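> What follows is target_27.csv, CSV, C-alpha atoms.
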chain,number,residue,atom,x,y,z
D,11,MET,CA,264.3,75.0,142.8
D,12,ASP,CA,264.5,75.6,139.1
D,13,PHE,CA,266.9,73.2,137.4
D,14,ARG,CA,266.3,74.5,133.9
D,15,LEU,CA,269.1,76.2,132.0
D,16,THR,CA,268.4,79.8,131.2
D,17,GLU,CA,267.6,80.8,127.6
D,18,ASP,CA,271.2,82.2,127.3
D,19,GLN,CA,272.7,79.0,128.6
D,20,ARG,CA,270.7,76.9,126.2
D,21,ALA,CA,271.9,79.2,123.4
D,22,ILE,CA,275.5,78.7,124.5
D,23,GLN,CA,274.9,74.9,124.6
D,24,ALA,CA,273.5,74.8,121.0
D,25,ALA,CA,276.1,77.2,119.5
D,26,VAL,CA,279.1,75.3,121.0
D,27,ALA,CA,277.7,71.9,120.0
D,28,GLU,CA,277.3,73.1,116.4
D,29,LEU,CA,280.8,74.6,116.2
D,30,ALA,CA,282.5,71.6,118.0
D,31,GLY,CA,280.6,69.2,115.8
D,32,LYS,CA,282.5,70.5,112.8
D,33,PHE,CA,285.6,68.7,114.2
D,34,GLY,CA,284.7,65.0,114.2
D,35,ASP,CA,286.1,61.9,115.8
D,36,ASP,CA,288.6,61.2,113.0
D,37,TYR,CA,290.0,64.7,113.4
D,38,TRP,CA,290.7,64.1,117.1
D,39,SER,CA,292.1,60.7,116.6
D,40,GLU,CA,294.6,62.0,114.1
D,41,LYS,CA,295.7,64.9,116.3
D,42,ASP,CA,296.0,62.5,119.3
D,43,GLU,CA,298.0,60.0,117.3
D,44,LYS,CA,300.3,62.6,115.7
D,45,HIS,CA,300.7,64.6,118.9
D,46,GLU,CA,299.6,67.8,117.1
D,47,PHE,CA,298.0,70.7,118.8
D,48,PRO,CA,294.6,71.4,117.2
D,49,TRP,CA,295.2,74.9,116.0
D,50,ASP,CA,292.3,75.1,113.6
D,51,PHE,CA,289.9,74.0,116.3
D,52,TYR,CA,291.4,76.5,118.8
D,53,ARG,CA,291.3,79.4,116.3
D,54,ALA,CA,287.6,78.6,115.4
D,55,PHE,CA,286.7,78.9,119.1
D,56,ALA,CA,288.8,82.1,119.5
D,57,ASP,CA,287.2,83.7,116.4
D,58,ALA,CA,283.8,82.9,117.7
D,59,GLY,CA,284.6,84.6,121.0
D,60,TRP,CA,284.4,81.6,123.3
D,61,LEU,CA,287.8,81.9,124.9
D,62,GLY,CA,286.8,85.0,126.8
D,63,ILE,CA,283.5,83.7,128.0
D,64,ALA,CA,284.3,84.4,131.7
D,65,ILE,CA,286.5,87.5,131.2
D,66,PRO,CA,284.9,90.9,131.9
D,67,GLU,CA,283.3,92.7,129.0
D,68,GLU,CA,285.6,95.7,129.4
D,69,TYR,CA,288.4,93.6,128.1
D,70,GLY,CA,286.5,92.1,125.2
D,71,GLY,CA,285.2,89.0,127.0
D,72,GLY,CA,281.7,87.7,127.6
D,73,GLY,CA,281.5,88.7,131.2
D,74,LEU,CA,279.7,85.4,132.1
D,75,GLY,CA,280.3,83.0,135.0
D,76,VAL,CA,281.9,79.6,135.6
D,77,ALA,CA,278.5,78.0,135.1
D,78,GLU,CA,278.4,79.2,131.5
D,79,ALA,CA,282.0,78.3,130.9
D,80,ALA,CA,281.3,74.8,132.3
D,81,ILE,CA,278.4,74.4,129.9
D,82,LEU,CA,280.7,75.4,127.0
D,83,LEU,CA,283.4,72.8,128.0
D,84,GLU,CA,280.9,70.0,128.6
D,85,GLU,CA,279.6,70.4,125.1
D,86,VAL,CA,283.1,70.5,123.7
D,87,ALA,CA,283.9,67.2,125.4
D,88,ALA,CA,280.5,65.7,124.4
D,89,SER,CA,281.3,66.4,120.7
D,90,GLY,CA,283.9,63.7,120.8
D,91,ALA,CA,286.8,66.2,121.3
D,92,ALA,CA,287.0,65.0,125.0
D,93,MET,CA,290.1,66.3,126.8
D,94,ASN,CA,292.1,67.0,123.7
D,95,GLY,CA,289.5,69.7,122.8
D,96,CYS,CA,288.8,71.0,126.3
D,97,SER,CA,292.5,71.3,127.3
D,98,THR,CA,293.1,73.9,124.5
D,99,MET,CA,291.0,76.4,126.3
D,100,HIS,CA,290.0,75.5,129.9
D,101,LEU,CA,293.3,76.9,131.2
D,102,THR,CA,292.4,80.2,129.6
D,103,ILE,CA,289.3,80.2,131.7
D,104,PHE,CA,290.3,79.0,135.2
D,105,GLY,CA,294.0,80.0,135.1
D,106,ILE,CA,293.4,83.5,134.0
D,107,ASN,CA,290.7,83.9,136.7
D,108,THR,CA,293.3,84.7,139.2
D,109,ILE,CA,294.3,87.7,137.1
D,110,VAL,CA,290.7,88.8,136.6
D,111,LYS,CA,290.1,88.6,140.4
D,112,HIS,CA,293.5,89.8,141.8
D,113,GLY,CA,295.6,91.3,139.0
D,114,THR,CA,296.3,95.1,138.9
D,115,PRO,CA,294.4,97.1,136.3
D,116,ARG,CA,297.6,97.4,134.3
D,117,LEU,CA,298.2,93.7,134.3
D,118,ARG,CA,294.6,93.0,133.3
D,119,ALA,CA,294.7,95.5,130.5
D,120,GLU,CA,298.0,94.1,129.2
D,121,VAL,CA,296.9,90.4,129.3
D,122,LEU,CA,293.2,89.9,129.0
D,123,PRO,CA,292.4,91.2,125.5
D,124,GLY,CA,295.0,88.9,124.0
D,125,VAL,CA,293.6,86.0,125.9
D,126,VAL,CA,290.1,86.8,124.6
D,127,ASP,CA,291.2,86.9,120.9
D,128,GLY,CA,293.4,83.9,121.2
D,129,SER,CA,296.7,85.6,120.4
D,130,LEU,CA,298.1,85.1,123.9
D,131,HIS,CA,298.5,81.6,125.3
D,132,VAL,CA,298.9,81.2,129.1
D,133,CYS,CA,299.7,78.0,131.0
D,134,PHE,CA,299.3,77.3,134.7
D,135,GLY,CA,302.4,76.3,136.7
D,136,VAL,CA,301.7,74.9,140.2
D,137,THR,CA,302.6,71.2,140.4
D,138,GLU,CA,306.2,70.2,141.3
D,139,PRO,CA,307.8,66.7,141.2
D,140,ASN,CA,308.7,66.7,144.9
D,141,ALA,CA,305.5,68.4,146.1
D,142,GLY,CA,302.7,66.7,144.2
D,143,THR,CA,299.3,67.5,145.7
D,144,ASP,CA,300.9,69.1,148.8
D,145,THR,CA,301.1,72.5,147.2
D,146,THR,CA,302.5,74.1,150.4
D,147,ARG,CA,305.8,72.2,149.7
D,148,VAL,CA,306.6,73.8,146.4
D,149,THR,CA,310.2,75.0,146.3
D,150,THR,CA,310.3,77.1,143.2
D,151,PHE,CA,311.7,80.3,144.7
D,152,ALA,CA,311.3,83.9,143.7
D,153,ARG,CA,314.1,86.2,145.1
D,154,ARG,CA,313.5,90.0,145.0
D,155,ASP,CA,316.2,91.8,143.1
D,156,GLY,CA,315.5,95.5,142.8
D,157,ASP,CA,312.4,96.0,140.6
D,158,ASP,CA,312.4,92.4,139.6
D,159,TYR,CA,312.2,88.9,141.0
D,160,VAL,CA,314.6,86.1,140.0
D,161,ILE,CA,312.9,82.7,139.9
D,162,ASP,CA,314.5,79.3,140.0
D,163,GLY,CA,312.8,75.9,140.2
D,164,ARG,CA,311.0,73.2,138.4
D,165,LYS,CA,307.4,72.5,137.6
D,166,VAL,CA,305.8,69.3,136.2
D,167,TRP,CA,302.6,68.3,134.3
D,168,ILE,CA,302.3,71.8,132.9
D,169,THR,CA,299.7,71.7,130.2
D,170,LYS,CA,300.3,73.7,127.0
D,171,ALA,CA,303.6,75.1,128.3
D,172,GLY,CA,305.3,74.5,124.9
D,173,ASP,CA,302.6,76.5,123.1
D,174,ALA,CA,302.3,79.3,125.7
D,175,GLN,CA,304.0,82.7,125.9
D,176,LYS,CA,303.2,83.2,129.6
D,177,ILE,CA,302.7,81.1,132.7
D,178,VAL,CA,300.7,81.8,135.9
D,179,LEU,CA,303.5,80.7,138.2
D,180,LEU,CA,303.2,79.7,141.9
D,181,THR,CA,306.4,80.3,143.9
D,182,ARG,CA,307.7,80.7,147.4
D,183,THR,CA,309.0,84.1,148.4
D,184,THR,CA,309.5,83.0,152.0
D,185,PRO,CA,310.7,79.4,152.9
D,186,ARG,CA,308.1,77.1,154.4
D,187,ASP,CA,310.0,76.8,157.6
D,188,GLU,CA,310.0,80.5,158.2
D,189,VAL,CA,306.2,81.2,158.0
D,190,ALA,CA,303.5,80.9,160.6
D,191,LYS,CA,301.2,78.8,158.3
D,192,PRO,CA,302.4,76.5,155.5
D,193,THR,CA,300.1,78.4,153.1
D,194,ASP,CA,301.9,81.7,153.9
D,195,GLY,CA,304.9,83.0,151.9
D,196,MET,CA,303.7,81.9,148.5
D,197,THR,CA,303.4,84.3,145.6
D,198,LEU,CA,301.8,84.2,142.2
D,199,PHE,CA,303.3,85.7,139.0
D,200,LEU,CA,302.4,86.0,135.4
D,201,ALA,CA,305.8,85.3,133.9
D,202,ASP,CA,307.1,85.3,130.4
D,203,LEU,CA,308.4,81.9,129.3
D,204,ASP,CA,311.7,83.3,128.3
D,205,PRO,CA,313.6,80.5,126.4
D,206,SER,CA,317.0,81.8,127.7
D,207,ALA,CA,315.9,80.9,131.3
D,208,VAL,CA,313.2,78.3,130.7
D,209,ASP,CA,313.6,74.7,129.4
D,210,ILE,CA,310.4,72.9,128.5
D,211,ARG,CA,310.3,69.2,127.9
D,212,PRO,CA,307.2,67.2,126.9
D,213,ILE,CA,306.2,64.2,129.0
D,214,PRO,CA,305.3,61.0,127.0
D,215,LYS,CA,301.9,59.9,128.3
D,216,MET,CA,298.9,57.6,127.8
D,217,GLY,CA,296.3,59.9,126.4
D,218,ARG,CA,295.3,63.5,125.6
D,219,ASN,CA,298.3,63.6,123.3
D,220,ALA,CA,297.1,66.5,121.1
D,221,VAL,CA,297.9,68.8,124.0
D,222,ALA,CA,301.2,68.2,125.6
D,223,SER,CA,302.0,68.0,129.3
D,224,ASN,CA,305.5,69.3,130.2
D,225,GLU,CA,308.3,69.6,132.7
D,226,VAL,CA,309.4,73.2,133.0
D,227,PHE,CA,312.8,74.1,134.3
D,228,LEU,CA,313.4,77.7,135.5
D,229,ASP,CA,316.9,78.9,135.8
D,230,GLY,CA,317.3,82.5,136.8
D,231,LEU,CA,314.1,83.7,135.2
D,232,ARG,CA,313.8,87.4,135.7
D,233,VAL,CA,310.3,88.7,136.2
D,234,PRO,CA,309.3,92.3,136.9
D,235,ALA,CA,307.5,93.1,140.1
D,236,THR,CA,304.7,94.5,138.0
D,237,ALA,CA,304.0,90.9,136.9
D,238,ARG,CA,303.2,89.8,140.4
D,239,ILE,CA,299.5,88.9,141.0
D,240,GLY,CA,298.3,90.5,144.2
D,241,GLU,CA,300.4,90.9,147.3
D,242,GLU,CA,303.6,89.1,148.0
D,243,GLY,CA,303.1,86.1,150.2
D,244,ALA,CA,299.3,85.8,149.6
D,245,GLY,CA,299.5,83.7,146.5
D,246,PHE,CA,297.9,80.5,147.9
D,247,ARG,CA,294.7,82.5,148.8
D,248,TYR,CA,294.6,83.9,145.2
D,249,LEU,CA,295.3,80.4,143.8
D,250,LEU,CA,291.9,79.2,145.2
D,251,ASP,CA,290.2,81.4,142.6
D,252,GLY,CA,291.8,79.2,140.0
D,253,LEU,CA,291.6,75.8,141.7
D,254,ASN,CA,287.9,75.7,142.6
D,255,PRO,CA,286.8,76.8,139.1
D,256,GLU,CA,289.3,74.2,137.7
D,257,ARG,CA,287.6,71.4,139.6
D,258,ILE,CA,284.1,72.6,138.5
D,259,LEU,CA,285.1,72.9,134.8
D,260,LEU,CA,286.9,69.5,134.8
D,261,ALA,CA,283.8,67.9,136.4
D,262,HIS,CA,281.7,69.1,133.4
D,263,GLU,CA,284.3,68.0,130.9
D,264,ALA,CA,284.1,64.5,132.5
D,265,LEU,CA,280.4,64.6,132.1
D,266,GLY,CA,280.8,65.4,128.4
D,267,ILE,CA,283.2,62.4,127.9
D,268,GLY,CA,280.7,60.1,129.7
D,269,ARG,CA,277.9,61.4,127.5
D,270,VAL,CA,279.6,60.8,124.2
D,271,ALA,CA,280.8,57.4,125.2
D,272,LEU,CA,277.2,56.3,126.2
D,273,GLU,CA,275.8,57.7,122.9
D,274,ARG,CA,278.3,55.7,120.9
D,275,ALA,CA,277.6,52.6,123.0
D,276,ALA,CA,273.8,52.9,122.7
D,277,GLU,CA,274.0,53.4,119.0
D,278,TYR,CA,276.2,50.3,118.6
D,279,ALA,CA,273.9,48.3,120.9
D,280,ARG,CA,270.9,49.2,118.8
D,281,GLN,CA,272.6,48.2,115.5
D,282,ARG,CA,274.8,45.2,116.4
D,283,GLU,CA,273.1,41.9,116.1
D,284,VAL,CA,274.3,38.7,117.7
D,285,PHE,CA,272.3,35.5,117.9
D,286,GLY,CA,269.7,37.0,115.8
D,287,ARG,CA,268.8,40.1,118.0
D,288,PRO,CA,270.3,43.5,118.8
D,289,ILE,CA,272.6,43.2,121.7
D,290,GLY,CA,270.9,46.2,123.3
D,291,LYS,CA,267.9,43.9,123.9
D,292,ASN,CA,269.9,42.0,126.4
D,293,GLN,CA,269.7,43.3,130.0
D,294,GLY,CA,273.3,42.4,130.5
D,295,ILE,CA,274.1,45.2,128.0
D,296,ALA,CA,271.2,47.6,128.6
D,297,PHE,CA,271.3,47.7,132.4
D,298,PRO,CA,274.9,48.8,132.8
D,299,LEU,CA,274.4,51.6,130.2
D,300,ALA,CA,271.2,52.7,132.0
D,301,ASP,CA,273.0,52.7,135.3
D,302,ALA,CA,275.9,54.7,133.9
D,303,TRP,CA,273.5,57.3,132.5
D,304,MET,CA,271.8,57.7,135.9
D,305,ARG,CA,275.2,58.2,137.6
D,306,LEU,CA,276.2,60.9,135.1
D,307,ASP,CA,272.8,62.6,135.5
D,308,ALA,CA,273.1,62.6,139.3
D,309,ALA,CA,276.8,63.9,139.2
D,310,ARG,CA,275.6,66.7,136.9
D,311,LEU,CA,273.5,68.1,139.8
D,312,ALA,CA,276.5,68.3,142.0
D,313,ALA,CA,278.6,70.0,139.3
D,314,ARG,CA,275.8,72.6,138.6
D,315,GLN,CA,275.5,73.4,142.3
D,316,ALA,CA,279.2,73.9,142.6
D,317,ALA,CA,279.2,76.3,139.7
D,318,TRP,CA,276.2,78.2,141.0
D,319,ARG,CA,277.8,78.7,144.4
D,320,TYR,CA,281.0,80.0,142.9
D,321,ASP,CA,279.3,82.4,140.7
D,322,ASN,CA,277.2,83.7,143.6
D,323,GLY,CA,280.2,84.3,145.8
D,324,MET,CA,279.5,81.5,148.2
D,325,SER,CA,282.1,79.0,149.7
D,326,CYS,CA,282.3,76.1,147.4
D,327,GLY,CA,285.5,74.1,148.3
D,328,ALA,CA,283.5,71.0,149.4
D,329,GLU,CA,281.1,71.3,146.4
D,330,ALA,CA,283.8,71.8,143.8
D,331,ASN,CA,285.7,68.8,145.1
D,332,THR,CA,282.6,66.7,145.3
D,333,ALA,CA,281.6,67.6,141.8
D,334,LYS,CA,285.1,66.6,140.5
D,335,TYR,CA,285.0,63.3,142.4
D,336,LEU,CA,281.5,62.2,141.4
D,337,CYS,CA,281.8,63.3,137.7
D,338,ALA,CA,285.2,61.7,137.3
D,339,ASP,CA,283.9,58.4,138.6
D,340,ALA,CA,280.7,58.6,136.6
D,341,ALA,CA,282.6,59.3,133.4
D,342,PHE,CA,285.1,56.5,133.9
D,343,GLN,CA,282.3,54.1,134.6
D,344,ALA,CA,280.4,55.2,131.5
D,345,THR,CA,283.4,54.9,129.2
D,346,ASP,CA,284.4,51.5,130.7
D,347,ARG,CA,280.9,50.2,130.1
D,348,ALA,CA,280.8,51.7,126.6
D,349,LEU,CA,284.0,49.9,125.8
D,350,GLN,CA,282.7,46.7,127.2
D,351,THR,CA,279.5,47.1,125.1
D,352,LEU,CA,281.5,47.3,121.9
D,353,GLY,CA,283.7,44.4,123.0
D,354,GLY,CA,286.7,43.9,120.7
D,355,MET,CA,285.7,46.9,118.6
D,356,GLY,CA,285.7,49.0,121.7
D,357,TYR,CA,289.4,48.2,122.1
D,358,SER,CA,290.1,49.1,118.6
D,359,LYS,CA,290.6,52.7,117.5
D,360,GLU,CA,288.0,52.5,114.8
D,361,TYR,CA,285.1,53.4,117.1
D,362,HIS,CA,287.0,56.0,119.2
D,363,VAL,CA,285.6,54.6,122.5
D,364,GLU,CA,289.1,53.6,123.6
D,365,ARG,CA,290.2,57.3,123.3
D,366,TYR,CA,287.3,58.4,125.5
D,367,PHE,CA,288.3,55.7,128.0
D,368,ARG,CA,291.9,56.8,128.1
D,369,GLU,CA,290.9,60.4,128.6
D,370,ALA,CA,288.2,59.7,131.2
D,371,ARG,CA,290.8,57.8,133.2
D,372,LEU,CA,292.8,61.0,133.5
D,373,MET,CA,290.0,62.7,135.3
D,374,ARG,CA,290.4,60.5,138.4
D,375,ILE,CA,294.0,61.7,139.0
D,376,ALA,CA,294.0,65.2,137.7
D,377,PRO,CA,293.9,68.0,138.7
D,378,VAL,CA,293.6,66.3,142.1
D,379,SER,CA,293.3,62.6,142.9
D,380,GLN,CA,290.1,61.0,144.1
D,381,GLU,CA,291.9,60.1,147.3
D,382,MET,CA,292.9,63.7,148.0
D,383,VAL,CA,289.2,64.7,147.5
D,384,LEU,CA,288.3,62.2,150.2
D,385,ASN,CA,290.9,63.6,152.5
D,386,TYR,CA,289.5,67.1,151.9
D,387,VAL,CA,285.9,66.1,152.7
D,388,SER,CA,287.0,64.0,155.7
D,389,GLN,CA,288.9,66.9,157.3
D,390,HIS,CA,287.0,70.0,156.2
D,391,VAL,CA,283.4,68.7,156.1
D,392,LEU,CA,283.3,65.9,158.6
D,393,GLY,CA,285.8,67.5,161.0
D,394,LEU,CA,287.9,64.3,161.2
D,395,PRO,CA,291.6,64.5,162.1
D,396,LYS,CA,294.0,65.2,159.2
D,397,SER,CA,295.3,61.9,157.9
D,398,TYR,CA,298.2,63.1,155.8
Would you kindly transcribe this structure into structure tokens?

Amino acid sequence: MDFRLTEDQRAIQAAVAELAGKFGDDYWSEKDEKHEFPWDFYRAFADAGWLGIAIPEEYGGGGLGVAEAAILLEEVAASGAAMNGCSTMHLTIFGINTIVKHGTPRLRAEVLPGVVDGSLHVCFGVTEPNAGTDTTRVTTFARRDGDDYVIDGRKVWITKAGDAQKIVLLTRTTPRDEVAKPTDGMTLFLADLDPSAVDIRPIPKMGRNAVASNEVFLDGLRVPATARIGEEGAGFRYLLDGLNPERILLAHEALGIGRVALERAAEYARQREVFGRPIGKNQGIAFPLADAWMRLDAARLAARQAAWRYDNGMSCGAEANTAKYLCADAAFQATDRALQTLGGMGYSKEYHVERYFREARLMRIAPVSQEMVLNYVSQHVLGLPKSY
């Protein structure tokens, strides 16, 4: 097996690191503190063509795979941008993938060029307050009315909804108690966020405050049938072409956060002297950082395999979930140990490690909790009885 990145992948890595490096830690701390979307960062990446990395070339995109998109987002996170930087664009990659795979030619031509050049912002609307990770229990309902659908419901934790013009929206078109399987009767739409029928409310939260998370209330939202993604009732199957890449991309973003936290901690440990010696000379400091590095490196192998399997058309549910689980844990451990290395200064905002810590913690609950990953592997890999 050849674990080396290709020449093109290394070029992506270098170019993204250079561009992201122009936006330093102070920039991200300011955006996070002021709850300001990083428009200049976003436009810089749009102008450089990175937003369309996984969109087909015929629509102006790069035509590359999830593996290349994952490398891009890992480097963004590792620049110190962490989730505040990645969340500006990763929805563009995995959320739009359902349209790339299952949208009509008309829908793709209408939407994808604007996604590539950054002029069209799209969010991803799946989660609901009373469904949580049990996606089959969403109750947002789309009722057919002539050539349109009329949609009512509520979504929660919708990233970038306040900055988006459209939403990839999961609905029910048949009630759950009227279908043979719970995953039947669900339909995806690419809907306009019409302010006359949509109310968007930001959710106050612990971290990643430069990119808002929102509640979205839908009251009589009229959507043309031409905005439906694929067949009515088959939306859950199409959704998987967004969810598996989402887990793979977020796994790599977690790796990037862990990397930058360790870099900052190692630099501090080399320079900080206590009792007449650098603290990095003490095994109580050095060993936890070395352990964290190894865990990140091992988790990267799982993440790279998941991306490779997806791009090669192979089943990757177990691999994508495993990558998300291992990378999220490794990143949290790395940021926790980095904060501990800096001691009181790690808890302060001056060294930025506290921001990495807050954003790494998110990765253990989103987009799916660690416990739900364990449920998936227990049932679908080990063949154990369903426990929930």
> Any chance you could tabulate, as JSON lines, the residues of range 69-101 of chain D at most 12 Å from range 325-344 of chain D with each one's nearest atom pair and distance in Å to one decimal, using all atoms listed in the file, in chain and rising number order?

{"residue": "D:Val76", "atom": "CA", "partner": "D:Ala330", "partner_atom": "CA", "distance": 11.5}
{"residue": "D:Ala77", "atom": "CA", "partner": "D:Ala330", "partner_atom": "CA", "distance": 11.9}
{"residue": "D:Ala80", "atom": "CA", "partner": "D:Ala333", "partner_atom": "CA", "distance": 11.9}
{"residue": "D:Glu84", "atom": "CA", "partner": "D:Cys337", "partner_atom": "CA", "distance": 11.3}
{"residue": "D:Ala87", "atom": "CA", "partner": "D:Ala341", "partner_atom": "CA", "distance": 11.3}
{"residue": "D:Ala88", "atom": "CA", "partner": "D:Ala341", "partner_atom": "CA", "distance": 11.2}
{"residue": "D:Ala92", "atom": "CA", "partner": "D:Ala341", "partner_atom": "CA", "distance": 11.1}
> Would you list the contacts of Gly290 in chain D as a list in words, taking every protein, DNA or RNA residue within 9 Å and counting all atoms listed in the file, but skipping same-chain residues closer than 3 positions in sequence?
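Skipping anything fewer than 3 positions along the chain leaves Ala276, Glu277, Tyr278, Ala279, Arg280, Gln281, Arg282, Glu283, Arg287, Gln293, Gly294, Ile295, Ala296 and Thr351 of chain D.
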> So that each row is one residue of range 257-311 of chain D with an atom at most 8 Å from range 370-389 of chain D, can you give its shortest atom pair and the distance in Å to one decimal, using all atoms listed in the file, rows by chain and rising number, as a tab-separated table?

residue	atom	partner	partner_atom	distance
D:Arg257	CA	D:Pro377	CA	7.2
D:Leu260	CA	D:Met373	CA	7.5
D:Ala264	CA	D:Ala370	CA	6.4
D:Ile267	CA	D:Ala370	CA	6.6
D:Gly268	CA	D:Ala370	CA	7.7
> Need the shell around Val178 in chain D: protein/DNA/RNA residues with any atom at most 8 Å away, counting only C-alpha atoms. Skip same-chain ones fewer than 6 positions apart. Format as a list in words?
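Using only C-alpha atoms, the neighbours found are Gly105, Ile106, Val132, Cys133, Phe134, Gly135, Leu198, Phe199, Leu200 and Ala201 of chain D.
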> Residues of range 78-101 of chain D that approach range 43-57 of chain D to 10 Å or less, counting only C-alpha atoms: could you list each one with the shortest pair of atoms and its distance in Å to one decimal, rows by chain and increasing residue number, as CSV?

residue,atom,partner,partner_atom,distance
D:Ala91,CA,D:Phe51,CA,9.8
D:Asn94,CA,D:Pro48,CA,8.2
D:Gly95,CA,D:Pro48,CA,7.8
D:Cys96,CA,D:Tyr52,CA,9.7
D:Thr98,CA,D:Tyr52,CA,6.5
D:Met99,CA,D:Tyr52,CA,7.5
> Output C-alpha atoms for every residue in that selection, as a PDB file, in the frame of the given file.

ATOM      1  CA  ALA D  91     286.800  66.200 121.300  1.00  0.00           C
ATOM      2  CA  ASN D  94     292.100  67.000 123.700  1.00  0.00           C
ATOM      3  CA  GLY D  95     289.500  69.700 122.800  1.00  0.00           C
ATOM      4  CA  CYS D  96     288.800  71.000 126.300  1.00  0.00           C
ATOM      5  CA  THR D  98     293.100  73.900 124.500  1.00  0.00           C
ATOM      6  CA  MET D  99     291.000  76.400 126.300  1.00  0.00           C
TER       7      MET D  99
END
> Considering only C-alpha atoms, give me a table of residues in range 173-234 of chain D that are at most 10 Å from range 136-158 of chain D, with the closest atom pair and distance in Å for each, as a tab-separated table.

residue	atom	partner	partner_atom	distance
D:Ile177	CA	D:Val136	CA	9.8
D:Val178	CA	D:Val136	CA	8.2
D:Leu179	CA	D:Val136	CA	6.4
D:Leu180	CA	D:Val136	CA	5.3
D:Thr181	CA	D:Thr150	CA	5.1
D:Arg182	CA	D:Phe151	CA	4.8
D:Thr183	CA	D:Ala152	CA	5.2
D:Thr184	CA	D:Phe151	CA	8.1
D:Pro185	CA	D:Thr149	CA	7.9
D:Arg186	CA	D:Arg147	CA	7.2
D:Lys191	CA	D:Thr146	CA	9.3
D:Pro192	CA	D:Thr146	CA	5.6
D:Thr193	CA	D:Thr146	CA	5.6
D:Asp194	CA	D:Thr146	CA	8.4
D:Gly195	CA	D:Thr146	CA	9.3
D:Met196	CA	D:Thr146	CA	8.1
D:Thr197	CA	D:Ala152	CA	8.1
D:Leu198	CA	D:Val136	CA	9.5
D:Phe199	CA	D:Ala152	CA	9.5
D:Glu225	CA	D:Glu138	CA	8.9
D:Val226	CA	D:Glu138	CA	9.4
D:Phe227	CA	D:Thr150	CA	9.7
D:Leu228	CA	D:Thr150	CA	8.3
D:Gly230	CA	D:Ala152	CA	9.3
D:Leu231	CA	D:Ala152	CA	9.0
D:Arg232	CA	D:Asp158	CA	6.5
D:Val233	CA	D:Asp158	CA	5.4
D:Pro234	CA	D:Asp158	CA	4.1
> I'd like the contact shell of Ala174 in chain D - 10 Å cut-off, only C-alpha atoms, skipping same-chain residues fewer than 4 positions apart - returned as a ChimeraX atom specification.
/D:129-134,169-170,202-203
> So that I can see what lies close to Val86 in chain D, please list as number ranges by chain the residues with an atom at most 9 Å from it, counting all atoms listed in the file and leaving out residues fewer than 4 positions away in the same chain.
D: 26-27, 29-31, 81-82, 90-93, 95-96, 263, 266
> Can you measure CA of Leu74 in chain D to CA of Ala220 in chain D for me? One decimal in Å is fine.
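Separation of CA of Leu74 in chain D and CA of Ala220 in chain D: 27.9 Å.
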> Here is a test: counting all atoms listed in the file, which residue of D:Ala302, D:Met324, D:Val270, D:Val189 is nearest to Asn254 in chain D?
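Under the stated criterion, the closest residue is D:Met324.
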> Just give me the residues with any atom within 7 Å of (280.5, 73.3, 140.7), file coordinates, counting all atoms listed in the file, written as an MDAnalysis selection string.
chainID D and resid 258 312:318 329:330 333
> Grab the residues selected above and save them as an mmCIF file, in the coordinates of the input with C-alpha atoms.

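Once written, part05.cif looks like this:
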data_model
loop_
_atom_site.group_PDB
_atom_site.id
_atom_site.type_symbol
_atom_site.label_atom_id
_atom_site.label_comp_id
_atom_site.auth_asym_id
_atom_site.auth_seq_id
_atom_site.Cartn_x
_atom_site.Cartn_y
_atom_site.Cartn_z
ATOM 1 C CA ILE D 258 284.100 72.600 138.500
ATOM 2 C CA ALA D 312 276.500 68.300 142.000
ATOM 3 C CA ALA D 313 278.600 70.000 139.300
ATOM 4 C CA ARG D 314 275.800 72.600 138.600
ATOM 5 C CA GLN D 315 275.500 73.400 142.300
ATOM 6 C CA ALA D 316 279.200 73.900 142.600
ATOM 7 C CA ALA D 317 279.200 76.300 139.700
ATOM 8 C CA TRP D 318 276.200 78.200 141.000
ATOM 9 C CA GLU D 329 281.100 71.300 146.400
ATOM 10 C CA ALA D 330 283.800 71.800 143.800
ATOM 11 C CA ALA D 333 281.600 67.600 141.800
#
> Could you work out how far CA of Pro115 in chain D lies from CA of Leu249 in chain D, giving the answer in Å with one decimal?
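Interatomic distance, CA of Leu249 in chain D to CA of Pro115 in chain D: 18.3 Å.
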> Pick from D:Gln23, D:Leu101, D:Asp36, D:Leu15: nearest to Val221 in chain D, with all atoms listed in the file counted?
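The shortest atom-to-atom distance to Val221 in chain D comes from D:Leu101.
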> Choose the residue, out of D:Asp251, D:Asp12, D:Asp173, D:Asp187, that has the smallest atom-to-atom separation from Ile210 in chain D; count all atoms listed in the file.
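Of D:Asp251, D:Asp12, D:Asp173, D:Asp187, the one nearest Ile210 in chain D is D:Asp173, counting all atoms listed in the file.
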